[in-house]
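These notes concern the structure reproduced below.
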Amino acid sequence: MLRLLTAGESHGQALLAIVDGLPAGLHISQEDLDRDLRRRQLGYGRGKRMEIEQDRARLLSGARFGKTLGTPIALLIENRDWPSWQDKMNPLGSPPEGLEEMKIPRPGHADLAGHLKFGFSDLREVLERASARETAARVAAGAVARRLLREFGIEVFSHVLSIGPAKASVEGLQWEEIHKRAEASDLRCADSSVEKKMKAAIDQAQQKGDTIGGTFQVVAWGVPPGLGSYSQWDRRLDGRLAGALMSVPAIKGVEIGLGFHTAATPGSQAHDEIVKGEKGQLLRATNNAGGLEAGLTNGEPILLQAAMKPIPTLSQPLASVNLKTGEPAPAAKERADVCAVPAAGVVAEAMCCLILADAIMEKFGSDTIQEMKRAWENYRKKAGL
Ligand SMILES: Cc1cc2nc3c(=O)[nH]c(=O)nc-3n(C[C@H](O)[C@H](O)[C@H](O)COP(=O)(O)O)c2cc1C
């Protein structure tokens with residue numbers, strides 16, 4: 001139902017996102033579009049580029065006077081650094097004299113496989129699109145999806161669980177509190193007692209010319225039960241969410257709820273017993289399933305954890321081979337982050353928002369926001385929500 005296409009190279013003129021399928025009548029403001037882009041750029045351990053970027057999304061189509069039209073939404077994020085790249089990244093014309101080609105692929109990147117696949121002699125022709133810069137376009141698109149979810153009382157946020165060996169604990173904290181604390185932290189971490197350790201791990205990596213990864217959690221609360229489907233493999237919401245998170249560059253593992261721990265937990269302790277609330281409503285005693293059973297939401301908060309690998313561009317580069325000379329050579333260097341786990345969490349939020357927006361339109365329609373709300377109210381009454 002909802003489709004997203006992005007275009008643009010890392011150092012090209014601009015990034016573009018087209019979001020198709022959203023309903024008419026959704027209010028949208030410039031601040032809605034910019035807030036998440038700003039959040040994506042923050043985070044201890046980011047590279048110098050974040051200071052240049054200061055992303056803003058321009059809404060080119062699909063809305064009039066701050067309201068969506070039900071037509072494709074086009075968003076454009078200009079590259080503020082374009083003047084210093086326009087010769088090297090000119091989409092037309094000829095290469096400038098003395099253009100230095102990148103010949104040494106970086107392990108952990110698309111460089112080598114992209115070269116073999118397309119035969120480009122300059123690895124820049126691979127890395128420009130494979131770069132995580134593209135995720136800014138996803139975040140802009142996700143902000144529109146987030147706006148739709150808010151109409152139905154659904155909130156999506158992320159918080160960092162670990163950086164290298166330093167692990168946060170959020171046990172006993174309410175989601176609102178975790179959210180508030182994460183927003184106030186430059187590591188997006190709700191446990192201030194561990195922030196120092198996390199920053200030290202990032203500093204240490206930087207001093208050694210190294211990089212560091214970590215884990216984060218994406219939480220969606222206020223999600224009604226019954227989104228998604230068990231009827232076909234590709235309509236299961238757990239698979240769609242996990243796939244969307246895995247598509248974020250550098251994400252190497254995704255868990256839902258208790259995740260990998262479920263395998264070692266007896267059934268009697270793994271599943272969430274159904275209990276009656278004070279008003280007779282049906283609740284769960286625990287949320288080990290992370291809000292998803294059989295590809296459907298069950299009304300509990302959706303809990304997704306993701307693991308991010310360390311950034312593959314190192315200032316003390318790994319071994320590689322110069323593709324022109326065939327001789328061993330240290331991998332190419334590019335301006336890079338030391339740690340981007342907090343930012344990856346914001347990108348993962350955007351992906352989660354897009355998938356949930358799709359699921360909510362499947363359930364409640366997608367022509368106009370008013371129709372969707374009527375269907376939502378009927379469902380709420382019928383399901384006693
Ligand atoms: C928000 C974000 C920022 C990133 N920044 C960098 C970076 O500065 N340098 C780098 O080499 N990789 C960075 N990455 C990771 C690479 O884009 C990624 O590892 C690479 O494209 C290979 O894809 P894969 O790790 O999914 O296999 C970043 C990823 C994310 C999500």
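We name chains A, B, ... following the order of the structure tokens; residues begin at 1 in each chain, and ligands are numbered from 1 as shown.
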Residues within 9 Å of ligand 1 (only C-alpha atoms and all ligand atoms), as an NGL selection string? :A and (40-41 or 46-47 or 49 or 106-111 or 127 or 129-136 or 246-252 or 308-314 or 333-348)
Near A:Ala201, counting only C-alpha atoms, which residues have an atom at most 8 Å away, once you skip same-chain residues fewer than 6 positions from it, shown as number ranges by chain? A: 163-166, 212
How about saving the chosen residues, N, CA, C and O atoms kept, as a short mmCIF file (atom, residue, chain, number, x, y, z; two decimals), in the first residue's frame?
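See part.cif below for the written result:
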```
data_model
loop_
_atom_site.label_atom_id
_atom_site.label_comp_id
_atom_site.auth_asym_id
_atom_site.auth_seq_id
_atom_site.Cartn_x
_atom_site.Cartn_y
_atom_site.Cartn_z
N ILE A 163 26.89 0.35 23.82
CA ILE A 163 27.93 0.81 22.89
C ILE A 163 29.15 -0.03 23.27
O ILE A 163 29.61 0.02 24.42
N GLY A 164 29.64 -0.82 22.33
CA GLY A 164 30.75 -1.73 22.67
C GLY A 164 30.37 -2.54 23.90
O GLY A 164 29.26 -3.09 23.97
N PRO A 165 31.24 -2.60 24.91
CA PRO A 165 30.94 -3.42 26.08
C PRO A 165 30.03 -2.72 27.11
O PRO A 165 29.57 -3.36 28.05
N ALA A 166 29.78 -1.43 26.96
CA ALA A 166 29.01 -0.68 27.96
C ALA A 166 27.51 -0.85 27.74
O ALA A 166 26.98 -0.47 26.69
N ILE A 212 33.36 1.66 16.62
CA ILE A 212 32.66 0.81 17.60
C ILE A 212 31.16 0.74 17.28
O ILE A 212 30.58 1.73 16.81
#
```
Skip A:Glu155 itself and residues of its chain fewer than 4 positions away, then list as a list in words all residues within 10 Å of it, counting only C-alpha atoms. Arg146, Arg147, Leu149, Arg150, Glu151, Glu176, His179, Val219, Ala220, Trp221, Gly222, Val223, Pro301, Glu349 and Cys353 of chain A
Go ahead and write the selection's residues with all heavy atoms as a compact mmCIF listing (two decimals), in the first residue's frame.
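Saved as selection.txt:
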```
# COMPACT_ATOMS: atom_id res chain seq x y z
N ARG A 146 5.23 8.97 10.47
CA ARG A 146 5.07 9.20 11.91
C ARG A 146 3.88 10.11 12.19
O ARG A 146 3.10 9.93 13.12
CB ARG A 146 6.34 9.83 12.48
CG ARG A 146 6.32 10.01 13.99
CD ARG A 146 7.45 10.90 14.46
NE ARG A 146 8.77 10.37 14.28
CZ ARG A 146 9.36 9.48 15.08
NH1 ARG A 146 8.71 9.00 16.10
NH2 ARG A 146 10.59 9.08 14.84
N ARG A 147 3.71 11.11 11.32
CA ARG A 147 2.60 12.06 11.46
C ARG A 147 1.26 11.32 11.37
O ARG A 147 0.32 11.62 12.10
CB ARG A 147 2.76 13.13 10.37
CG ARG A 147 1.95 14.36 10.49
CD ARG A 147 2.22 15.12 11.77
NE ARG A 147 1.08 15.96 12.10
CZ ARG A 147 -0.07 15.51 12.61
NH1 ARG A 147 -0.27 14.23 12.87
NH2 ARG A 147 -1.04 16.34 12.88
N LEU A 149 0.79 8.09 12.07
CA LEU A 149 0.64 7.23 13.25
C LEU A 149 0.14 8.02 14.46
O LEU A 149 -0.66 7.53 15.26
CB LEU A 149 1.97 6.55 13.58
CG LEU A 149 2.52 5.59 12.53
CD1 LEU A 149 3.85 5.00 12.97
CD2 LEU A 149 1.53 4.46 12.23
N ARG A 150 0.60 9.28 14.56
CA ARG A 150 0.20 10.11 15.71
C ARG A 150 -1.31 10.34 15.71
O ARG A 150 -1.91 10.49 16.77
CB ARG A 150 0.93 11.46 15.66
CG ARG A 150 2.38 11.31 16.05
CD ARG A 150 2.88 12.48 16.88
NE ARG A 150 4.17 12.12 17.46
CZ ARG A 150 5.31 12.76 17.22
NH1 ARG A 150 5.32 13.81 16.43
NH2 ARG A 150 6.43 12.37 17.80
N GLU A 151 -1.92 10.37 14.54
CA GLU A 151 -3.38 10.54 14.45
C GLU A 151 -4.11 9.41 15.17
O GLU A 151 -5.26 9.52 15.54
CB GLU A 151 -3.85 10.58 12.99
CG GLU A 151 -3.36 11.78 12.21
CD GLU A 151 -4.04 13.07 12.65
OE1 GLU A 151 -5.23 13.04 13.01
OE2 GLU A 151 -3.34 14.11 12.63
N GLU A 176 7.39 6.16 28.77
CA GLU A 176 7.43 7.63 28.66
C GLU A 176 8.74 8.17 29.22
O GLU A 176 9.36 9.06 28.66
CB GLU A 176 6.26 8.28 29.42
CG GLU A 176 4.91 8.19 28.72
CD GLU A 176 4.18 6.90 29.05
OE1 GLU A 176 4.81 5.95 29.57
OE2 GLU A 176 2.97 6.83 28.75
N HIS A 179 11.69 7.27 26.98
CA HIS A 179 11.64 8.15 25.81
C HIS A 179 12.22 9.53 26.16
O HIS A 179 13.09 10.05 25.47
CB HIS A 179 10.17 8.28 25.36
CG HIS A 179 10.01 9.04 24.08
ND1 HIS A 179 8.78 9.38 23.58
CD2 HIS A 179 10.90 9.56 23.23
CE1 HIS A 179 8.93 10.05 22.47
NE2 HIS A 179 10.21 10.18 22.22
N VAL A 219 10.85 1.22 20.05
CA VAL A 219 9.61 0.93 20.77
C VAL A 219 8.45 1.64 20.07
O VAL A 219 8.57 2.82 19.73
CB VAL A 219 9.70 1.46 22.23
CG1 VAL A 219 8.43 1.13 23.02
CG2 VAL A 219 10.93 0.91 22.94
N ALA A 220 7.38 0.93 19.84
CA ALA A 220 6.16 1.57 19.31
C ALA A 220 5.05 1.30 20.32
O ALA A 220 4.74 0.14 20.58
CB ALA A 220 5.80 1.01 17.95
N TRP A 221 4.53 2.34 20.92
CA TRP A 221 3.43 2.09 21.86
C TRP A 221 2.16 2.78 21.38
O TRP A 221 2.20 3.67 20.53
CB TRP A 221 3.82 2.40 23.29
CG TRP A 221 3.62 3.80 23.80
CD1 TRP A 221 2.44 4.40 24.09
CD2 TRP A 221 4.64 4.76 24.09
NE1 TRP A 221 2.65 5.66 24.54
CE2 TRP A 221 3.99 5.91 24.56
CE3 TRP A 221 6.03 4.75 24.01
CZ2 TRP A 221 4.69 7.06 24.92
CZ3 TRP A 221 6.71 5.89 24.37
CH2 TRP A 221 6.05 7.02 24.83
N GLY A 222 1.03 2.29 21.94
CA GLY A 222 -0.28 2.79 21.48
C GLY A 222 -0.73 2.07 20.22
O GLY A 222 -1.66 2.52 19.55
N VAL A 223 -0.08 0.96 19.88
CA VAL A 223 -0.42 0.23 18.65
C VAL A 223 -1.62 -0.67 18.91
O VAL A 223 -1.58 -1.49 19.84
CB VAL A 223 0.78 -0.65 18.19
CG1 VAL A 223 0.49 -1.29 16.84
CG2 VAL A 223 2.06 0.16 18.13
N PRO A 301 3.09 -2.91 23.57
CA PRO A 301 4.09 -2.15 22.80
C PRO A 301 4.95 -3.08 21.94
O PRO A 301 5.32 -4.18 22.38
CB PRO A 301 4.94 -1.49 23.89
CG PRO A 301 4.05 -1.40 25.07
CD PRO A 301 3.14 -2.61 25.01
N GLU A 349 13.74 3.93 13.57
CA GLU A 349 12.41 4.47 13.92
C GLU A 349 11.64 4.79 12.64
O GLU A 349 10.45 4.48 12.52
CB GLU A 349 12.54 5.79 14.68
CG GLU A 349 12.96 5.70 16.11
CD GLU A 349 13.16 7.11 16.70
OE1 GLU A 349 12.46 8.06 16.29
OE2 GLU A 349 14.03 7.25 17.58
N CYS A 353 8.15 3.35 11.45
CA CYS A 353 6.98 4.21 11.18
C CYS A 353 6.38 3.91 9.80
O CYS A 353 5.15 3.85 9.65
CB CYS A 353 7.39 5.70 11.21
SG CYS A 353 7.69 6.33 12.87
```
Please, which residues of stretch 225-351 of chain A, numbered as in this document, come out strand (DSSP E or B) from DSSP, as a VMD selection string? chain A and resid 228 251 to 256 274 to 276 282 to 284 292 to 293 296 to 297 302 to 308 319 to 321 328 to 330
Go ahead and write the selection's residues with N, CA, C and O atoms as a short mmCIF file (atom, residue, chain, number, x, y, z; two decimals), in the first residue's frame.
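Contents of the output file result-v7.cif:
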```cif
data_model
loop_
_atom_site.label_atom_id
_atom_site.label_comp_id
_atom_site.auth_asym_id
_atom_site.auth_seq_id
_atom_site.Cartn_x
_atom_site.Cartn_y
_atom_site.Cartn_z
N GLY A 228 -1.38 -6.16 10.68
CA GLY A 228 -0.60 -7.26 10.09
C GLY A 228 -1.51 -8.41 9.73
O GLY A 228 -2.74 -8.26 9.68
N ILE A 251 23.21 -2.71 10.10
CA ILE A 251 22.45 -3.51 11.06
C ILE A 251 22.67 -4.99 10.71
O ILE A 251 22.44 -5.41 9.58
N LYS A 252 23.10 -5.74 11.71
CA LYS A 252 23.47 -7.14 11.46
C LYS A 252 22.61 -8.13 12.24
O LYS A 252 22.79 -9.35 12.10
N GLY A 253 21.73 -7.64 13.07
CA GLY A 253 20.83 -8.54 13.79
C GLY A 253 19.62 -7.78 14.27
O GLY A 253 19.72 -6.61 14.64
N VAL A 254 18.46 -8.45 14.23
CA VAL A 254 17.22 -7.84 14.73
C VAL A 254 16.51 -8.87 15.61
O VAL A 254 16.45 -10.06 15.25
N GLU A 255 16.04 -8.43 16.74
CA GLU A 255 15.28 -9.31 17.63
C GLU A 255 13.93 -8.68 17.91
O GLU A 255 13.82 -7.45 17.94
N ILE A 256 12.95 -9.52 18.17
CA ILE A 256 11.63 -9.01 18.57
C ILE A 256 11.35 -9.52 19.99
O ILE A 256 11.48 -10.72 20.25
N ILE A 274 -2.61 -14.19 29.41
CA ILE A 274 -3.70 -13.24 29.17
C ILE A 274 -4.46 -13.04 30.48
O ILE A 274 -4.91 -14.02 31.09
N VAL A 275 -4.56 -11.78 30.91
CA VAL A 275 -5.21 -11.49 32.20
C VAL A 275 -6.26 -10.40 32.00
O VAL A 275 -6.22 -9.68 31.00
N LYS A 276 -7.17 -10.28 32.98
CA LYS A 276 -8.20 -9.23 32.89
C LYS A 276 -7.75 -7.99 33.64
O LYS A 276 -7.27 -8.08 34.78
N LEU A 282 -8.79 -7.10 28.30
CA LEU A 282 -7.82 -8.19 28.25
C LEU A 282 -6.41 -7.62 28.12
O LEU A 282 -6.15 -6.82 27.23
N LEU A 283 -5.54 -8.03 29.02
CA LEU A 283 -4.16 -7.52 29.04
C LEU A 283 -3.18 -8.70 29.06
O LEU A 283 -3.58 -9.84 29.24
N ARG A 284 -1.91 -8.38 28.92
CA ARG A 284 -0.87 -9.39 29.04
C ARG A 284 -0.08 -9.14 30.32
O ARG A 284 0.22 -7.99 30.65
N LEU A 292 4.04 -8.71 19.26
CA LEU A 292 3.73 -9.36 17.98
C LEU A 292 3.57 -10.87 18.18
O LEU A 292 4.46 -11.53 18.72
N GLU A 293 2.41 -11.38 17.75
CA GLU A 293 2.18 -12.83 17.79
C GLU A 293 1.57 -13.23 16.45
O GLU A 293 0.61 -12.62 15.99
N LEU A 296 0.86 -10.65 13.83
CA LEU A 296 -0.14 -9.62 14.16
C LEU A 296 0.30 -8.85 15.39
O LEU A 296 0.93 -9.43 16.29
N THR A 297 -0.08 -7.58 15.47
CA THR A 297 0.13 -6.87 16.73
C THR A 297 -0.87 -7.43 17.74
O THR A 297 -1.98 -7.83 17.38
N ILE A 302 5.26 -2.63 20.74
CA ILE A 302 6.16 -3.39 19.86
C ILE A 302 7.59 -3.09 20.30
O ILE A 302 7.97 -1.92 20.46
N LEU A 303 8.36 -4.15 20.53
CA LEU A 303 9.75 -3.99 20.99
C LEU A 303 10.69 -4.66 19.99
O LEU A 303 10.63 -5.88 19.79
N LEU A 304 11.53 -3.85 19.37
CA LEU A 304 12.48 -4.37 18.38
C LEU A 304 13.89 -3.99 18.82
O LEU A 304 14.13 -2.81 19.11
N GLN A 305 14.79 -4.95 18.87
CA GLN A 305 16.19 -4.64 19.18
C GLN A 305 17.01 -4.86 17.92
O GLN A 305 16.73 -5.79 17.15
N ALA A 306 18.03 -4.02 17.72
CA ALA A 306 18.90 -4.20 16.56
C ALA A 306 20.35 -4.04 16.98
O ALA A 306 20.66 -3.29 17.90
N ALA A 307 21.22 -4.80 16.29
CA ALA A 307 22.67 -4.72 16.56
C ALA A 307 23.35 -4.07 15.37
O ALA A 307 23.13 -4.47 14.22
N MET A 308 24.17 -3.06 15.66
CA MET A 308 24.89 -2.36 14.59
C MET A 308 26.37 -2.74 14.65
O MET A 308 26.98 -2.71 15.73
N ALA A 319 43.59 -4.01 5.93
CA ALA A 319 44.30 -4.44 4.72
C ALA A 319 43.34 -4.54 3.54
O ALA A 319 42.19 -4.96 3.69
N SER A 320 43.83 -4.15 2.38
CA SER A 320 43.06 -4.30 1.15
C SER A 320 44.06 -4.44 -0.01
O SER A 320 45.26 -4.62 0.22
N VAL A 321 43.51 -4.35 -1.22
CA VAL A 321 44.37 -4.50 -2.41
C VAL A 321 44.04 -3.37 -3.38
O VAL A 321 42.85 -3.06 -3.58
N PRO A 328 49.00 -5.22 -2.45
CA PRO A 328 48.36 -4.95 -1.16
C PRO A 328 48.49 -3.47 -0.80
O PRO A 328 49.51 -2.85 -1.12
N ALA A 329 47.46 -2.94 -0.17
CA ALA A 329 47.47 -1.51 0.20
C ALA A 329 46.46 -1.30 1.32
O ALA A 329 45.46 -2.03 1.40
N PRO A 330 46.70 -0.33 2.20
CA PRO A 330 45.68 -0.04 3.23
C PRO A 330 44.41 0.50 2.59
O PRO A 330 44.48 1.23 1.59
#
```
Minimum-distance residue to A:Asp186, chosen among A:Tyr379, A:Trp233, A:Tyr44, A:Trp82 (using only C-alpha atoms):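 Between A:Tyr379, A:Trp233, A:Tyr44, A:Trp82, the residue approaching A:Asp186 most closely is A:Tyr44.
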To one decimal place, how far is atom CA of A:Val160 from atom CA of A:Ile202 in Å? 13.7 Å
Mind checking which residues fall within 8 Å of stretch 122-126 of chain A, counting only C-alpha atoms, ignoring those fewer than 2 positions away in the same chain, and posting them as a PDB file with N, CA, C and O atoms, in the first residue's frame?
```
ATOM      1  N   GLU A 101      40.849   8.826  -8.835  1.00  0.00           N
ATOM      2  CA  GLU A 101      39.897   7.715  -8.706  1.00  0.00           C
ATOM      3  C   GLU A 101      40.197   6.911  -7.448  1.00  0.00           C
ATOM      4  O   GLU A 101      41.353   6.802  -7.045  1.00  0.00           O
ATOM      5  N   MET A 102      39.138   6.364  -6.854  1.00  0.00           N
ATOM      6  CA  MET A 102      39.352   5.502  -5.673  1.00  0.00           C
ATOM      7  C   MET A 102      39.559   4.084  -6.154  1.00  0.00           C
ATOM      8  O   MET A 102      38.721   3.538  -6.873  1.00  0.00           O
ATOM      9  N   LYS A 103      40.674   3.499  -5.748  1.00  0.00           N
ATOM     10  CA  LYS A 103      41.055   2.176  -6.280  1.00  0.00           C
ATOM     11  C   LYS A 103      41.160   1.102  -5.205  1.00  0.00           C
ATOM     12  O   LYS A 103      41.382  -0.061  -5.510  1.00  0.00           O
ATOM     13  N   ILE A 104      41.085   1.537  -3.938  1.00  0.00           N
ATOM     14  CA  ILE A 104      41.336   0.555  -2.869  1.00  0.00           C
ATOM     15  C   ILE A 104      40.053   0.316  -2.068  1.00  0.00           C
ATOM     16  O   ILE A 104      39.596   1.181  -1.320  1.00  0.00           O
ATOM     17  N   PRO A 105      39.417  -0.847  -2.266  1.00  0.00           N
ATOM     18  CA  PRO A 105      38.123  -1.102  -1.591  1.00  0.00           C
ATOM     19  C   PRO A 105      38.269  -1.248  -0.076  1.00  0.00           C
ATOM     20  O   PRO A 105      39.263  -1.791   0.402  1.00  0.00           O
ATOM     21  N   ALA A 110      30.404  -1.844   0.360  1.00  0.00           N
ATOM     22  CA  ALA A 110      29.986  -2.394  -0.933  1.00  0.00           C
ATOM     23  C   ALA A 110      31.108  -2.278  -1.970  1.00  0.00           C
ATOM     24  O   ALA A 110      30.967  -2.809  -3.087  1.00  0.00           O
ATOM     25  N   ASP A 111      32.221  -1.603  -1.618  1.00  0.00           N
ATOM     26  CA  ASP A 111      33.227  -1.214  -2.613  1.00  0.00           C
ATOM     27  C   ASP A 111      33.644  -2.352  -3.564  1.00  0.00           C
ATOM     28  O   ASP A 111      33.578  -2.198  -4.784  1.00  0.00           O
ATOM     29  N   LEU A 112      34.079  -3.477  -2.992  1.00  0.00           N
ATOM     30  CA  LEU A 112      34.636  -4.543  -3.840  1.00  0.00           C
ATOM     31  C   LEU A 112      33.532  -5.266  -4.618  1.00  0.00           C
ATOM     32  O   LEU A 112      33.639  -5.422  -5.841  1.00  0.00           O
ATOM     33  N   GLY A 114      30.607  -4.223  -5.357  1.00  0.00           N
ATOM     34  CA  GLY A 114      30.009  -3.283  -6.314  1.00  0.00           C
ATOM     35  C   GLY A 114      30.893  -3.121  -7.541  1.00  0.00           C
ATOM     36  O   GLY A 114      30.391  -3.048  -8.673  1.00  0.00           O
ATOM     37  N   HIS A 115      32.193  -3.096  -7.319  1.00  0.00           N
ATOM     38  CA  HIS A 115      33.149  -3.005  -8.439  1.00  0.00           C
ATOM     39  C   HIS A 115      33.031  -4.245  -9.328  1.00  0.00           C
ATOM     40  O   HIS A 115      32.975  -4.155 -10.558  1.00  0.00           O
ATOM     41  N   PHE A 120      32.890  -0.743 -12.441  1.00  0.00           N
ATOM     42  CA  PHE A 120      33.378   0.639 -12.355  1.00  0.00           C
ATOM     43  C   PHE A 120      34.862   0.643 -12.009  1.00  0.00           C
ATOM     44  O   PHE A 120      35.305  -0.130 -11.151  1.00  0.00           O
ATOM     45  N   GLU A 128      29.119   5.988  -3.482  1.00  0.00           N
ATOM     46  CA  GLU A 128      28.264   7.170  -3.380  1.00  0.00           C
ATOM     47  C   GLU A 128      26.808   6.813  -3.098  1.00  0.00           C
ATOM     48  O   GLU A 128      26.126   7.501  -2.366  1.00  0.00           O
ATOM     49  N   ARG A 129      26.336   5.733  -3.682  1.00  0.00           N
ATOM     50  CA  ARG A 129      24.940   5.337  -3.440  1.00  0.00           C
ATOM     51  C   ARG A 129      24.838   4.353  -2.272  1.00  0.00           C
ATOM     52  O   ARG A 129      23.827   4.322  -1.564  1.00  0.00           O
ATOM     53  N   ALA A 130      25.899   3.554  -2.077  1.00  0.00           N
ATOM     54  CA  ALA A 130      25.849   2.564  -0.987  1.00  0.00           C
ATOM     55  C   ALA A 130      25.981   3.232   0.379  1.00  0.00           C
ATOM     56  O   ALA A 130      25.666   2.625   1.406  1.00  0.00           O
TER      57      ALA A 130
END
```
Counting only C-alpha atoms, what is within 10 Å of A:Pro224, bar same-chain residues fewer than 6 positions away, as a PyMOL selection string? chain A and resi 152-154+291+296-301+360+376+379-380+383+385
Hey, can you spit out that residue selection with N, CA, C and O atoms as a CSV table (one decimal), in the first residue's frame?
```csv
chain,number,residue,atom,x,y,z
A,152,PHE,N,-3.4,8.3,15.3
A,152,PHE,CA,-4.0,7.1,15.9
A,152,PHE,C,-3.4,6.8,17.3
A,152,PHE,O,-3.5,5.7,17.9
A,153,GLY,N,-2.7,7.8,17.8
A,153,GLY,CA,-2.1,7.7,19.2
A,153,GLY,C,-0.9,6.8,19.3
A,153,GLY,O,-0.6,6.3,20.3
A,154,ILE,N,-0.2,6.5,18.1
A,154,ILE,CA,0.9,5.6,18.1
A,154,ILE,C,2.2,6.4,18.2
A,154,ILE,O,2.4,7.4,17.4
A,291,GLY,N,5.0,-7.5,21.5
A,291,GLY,CA,3.8,-6.9,20.9
A,291,GLY,C,3.4,-7.6,19.6
A,291,GLY,O,2.5,-7.1,18.9
A,296,LEU,N,0.9,-10.7,13.8
A,296,LEU,CA,-0.1,-9.6,14.2
A,296,LEU,C,0.3,-8.8,15.4
A,296,LEU,O,0.9,-9.4,16.3
A,297,THR,N,-0.1,-7.6,15.5
A,297,THR,CA,0.1,-6.9,16.7
A,297,THR,C,-0.9,-7.4,17.7
A,297,THR,O,-2.0,-7.8,17.4
A,298,ASN,N,-0.5,-7.5,19.0
A,298,ASN,CA,-1.4,-8.0,20.1
A,298,ASN,C,-1.8,-6.9,21.0
A,298,ASN,O,-2.4,-7.2,22.1
A,299,GLY,N,-1.5,-5.6,20.7
A,299,GLY,CA,-1.9,-4.5,21.6
A,299,GLY,C,-0.9,-4.1,22.6
A,299,GLY,O,-1.0,-3.0,23.2
A,300,GLU,N,0.1,-4.9,22.8
A,300,GLU,CA,1.2,-4.5,23.7
A,300,GLU,C,2.2,-3.7,22.9
A,300,GLU,O,2.3,-3.8,21.7
A,301,PRO,N,3.1,-2.9,23.6
A,301,PRO,CA,4.1,-2.2,22.8
A,301,PRO,C,5.0,-3.1,21.9
A,301,PRO,O,5.3,-4.2,22.4
A,360,ILE,N,-1.4,0.2,9.2
A,360,ILE,CA,-2.6,0.9,9.7
A,360,ILE,C,-3.5,1.2,8.5
A,360,ILE,O,-4.8,1.2,8.7
A,376,TRP,N,-11.4,3.3,12.5
A,376,TRP,CA,-10.7,3.1,13.7
A,376,TRP,C,-11.6,3.1,14.9
A,376,TRP,O,-11.6,2.3,15.8
A,379,TYR,N,-13.8,0.1,15.1
A,379,TYR,CA,-12.9,-1.1,15.5
A,379,TYR,C,-12.7,-1.0,17.0
A,379,TYR,O,-12.8,-2.0,17.7
A,380,ARG,N,-12.4,0.2,17.5
A,380,ARG,CA,-12.2,0.4,18.9
A,380,ARG,C,-13.4,-0.1,19.8
A,380,ARG,O,-13.2,-0.7,20.8
A,383,ALA,N,-13.8,-3.9,19.5
A,383,ALA,CA,-12.8,-4.7,20.2
A,383,ALA,C,-12.7,-4.3,21.7
A,383,ALA,O,-11.9,-4.8,22.4
A,385,LEU,N,-11.5,-1.4,23.0
A,385,LEU,CA,-10.2,-0.8,23.3
A,385,LEU,C,-10.3,0.5,23.9
A,385,LEU,O,-11.3,1.3,23.6
```
Please, what distance in Å, to one decimal, runs between atom CA of A:His271 and atom CA of A:Lys363?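 Between atom CA of A:His271 and atom CA of A:Lys363 the gap works out to 25.9 Å.
Using only C-alpha atoms, the shortest contact distance between A:Leu323 and any of A:Val170, A:Ala74, A:Leu116, A:Leu69 is found at A:Leu116.
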Restricting to only C-alpha atoms, whichever of A:Ala263, A:Arg39, A:Gln206, A:Gly119 is closest to A:His159 is A:Arg39
Shell of 8 Å around stretch 9-24 of chain A, only C-alpha atoms, local chain residues under 6 positions omitted, as a ChimeraX atom specification: /A:1-3,67-79,81-82,85-86,89-90,128-129,131-134,136-138,140-141,145,366-369
Could you tell me how far atom CA of A:Asn288 sits from atom CA of A:Met351, in Å to one decimal place? 22.0 Å
Pick from A:Val144, A:Val139, A:Ala113, A:Leu318 nearest to A:Ala63, counting only C-alpha atoms: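 Distance minimum relative to A:Ala63 lands on A:Val144.
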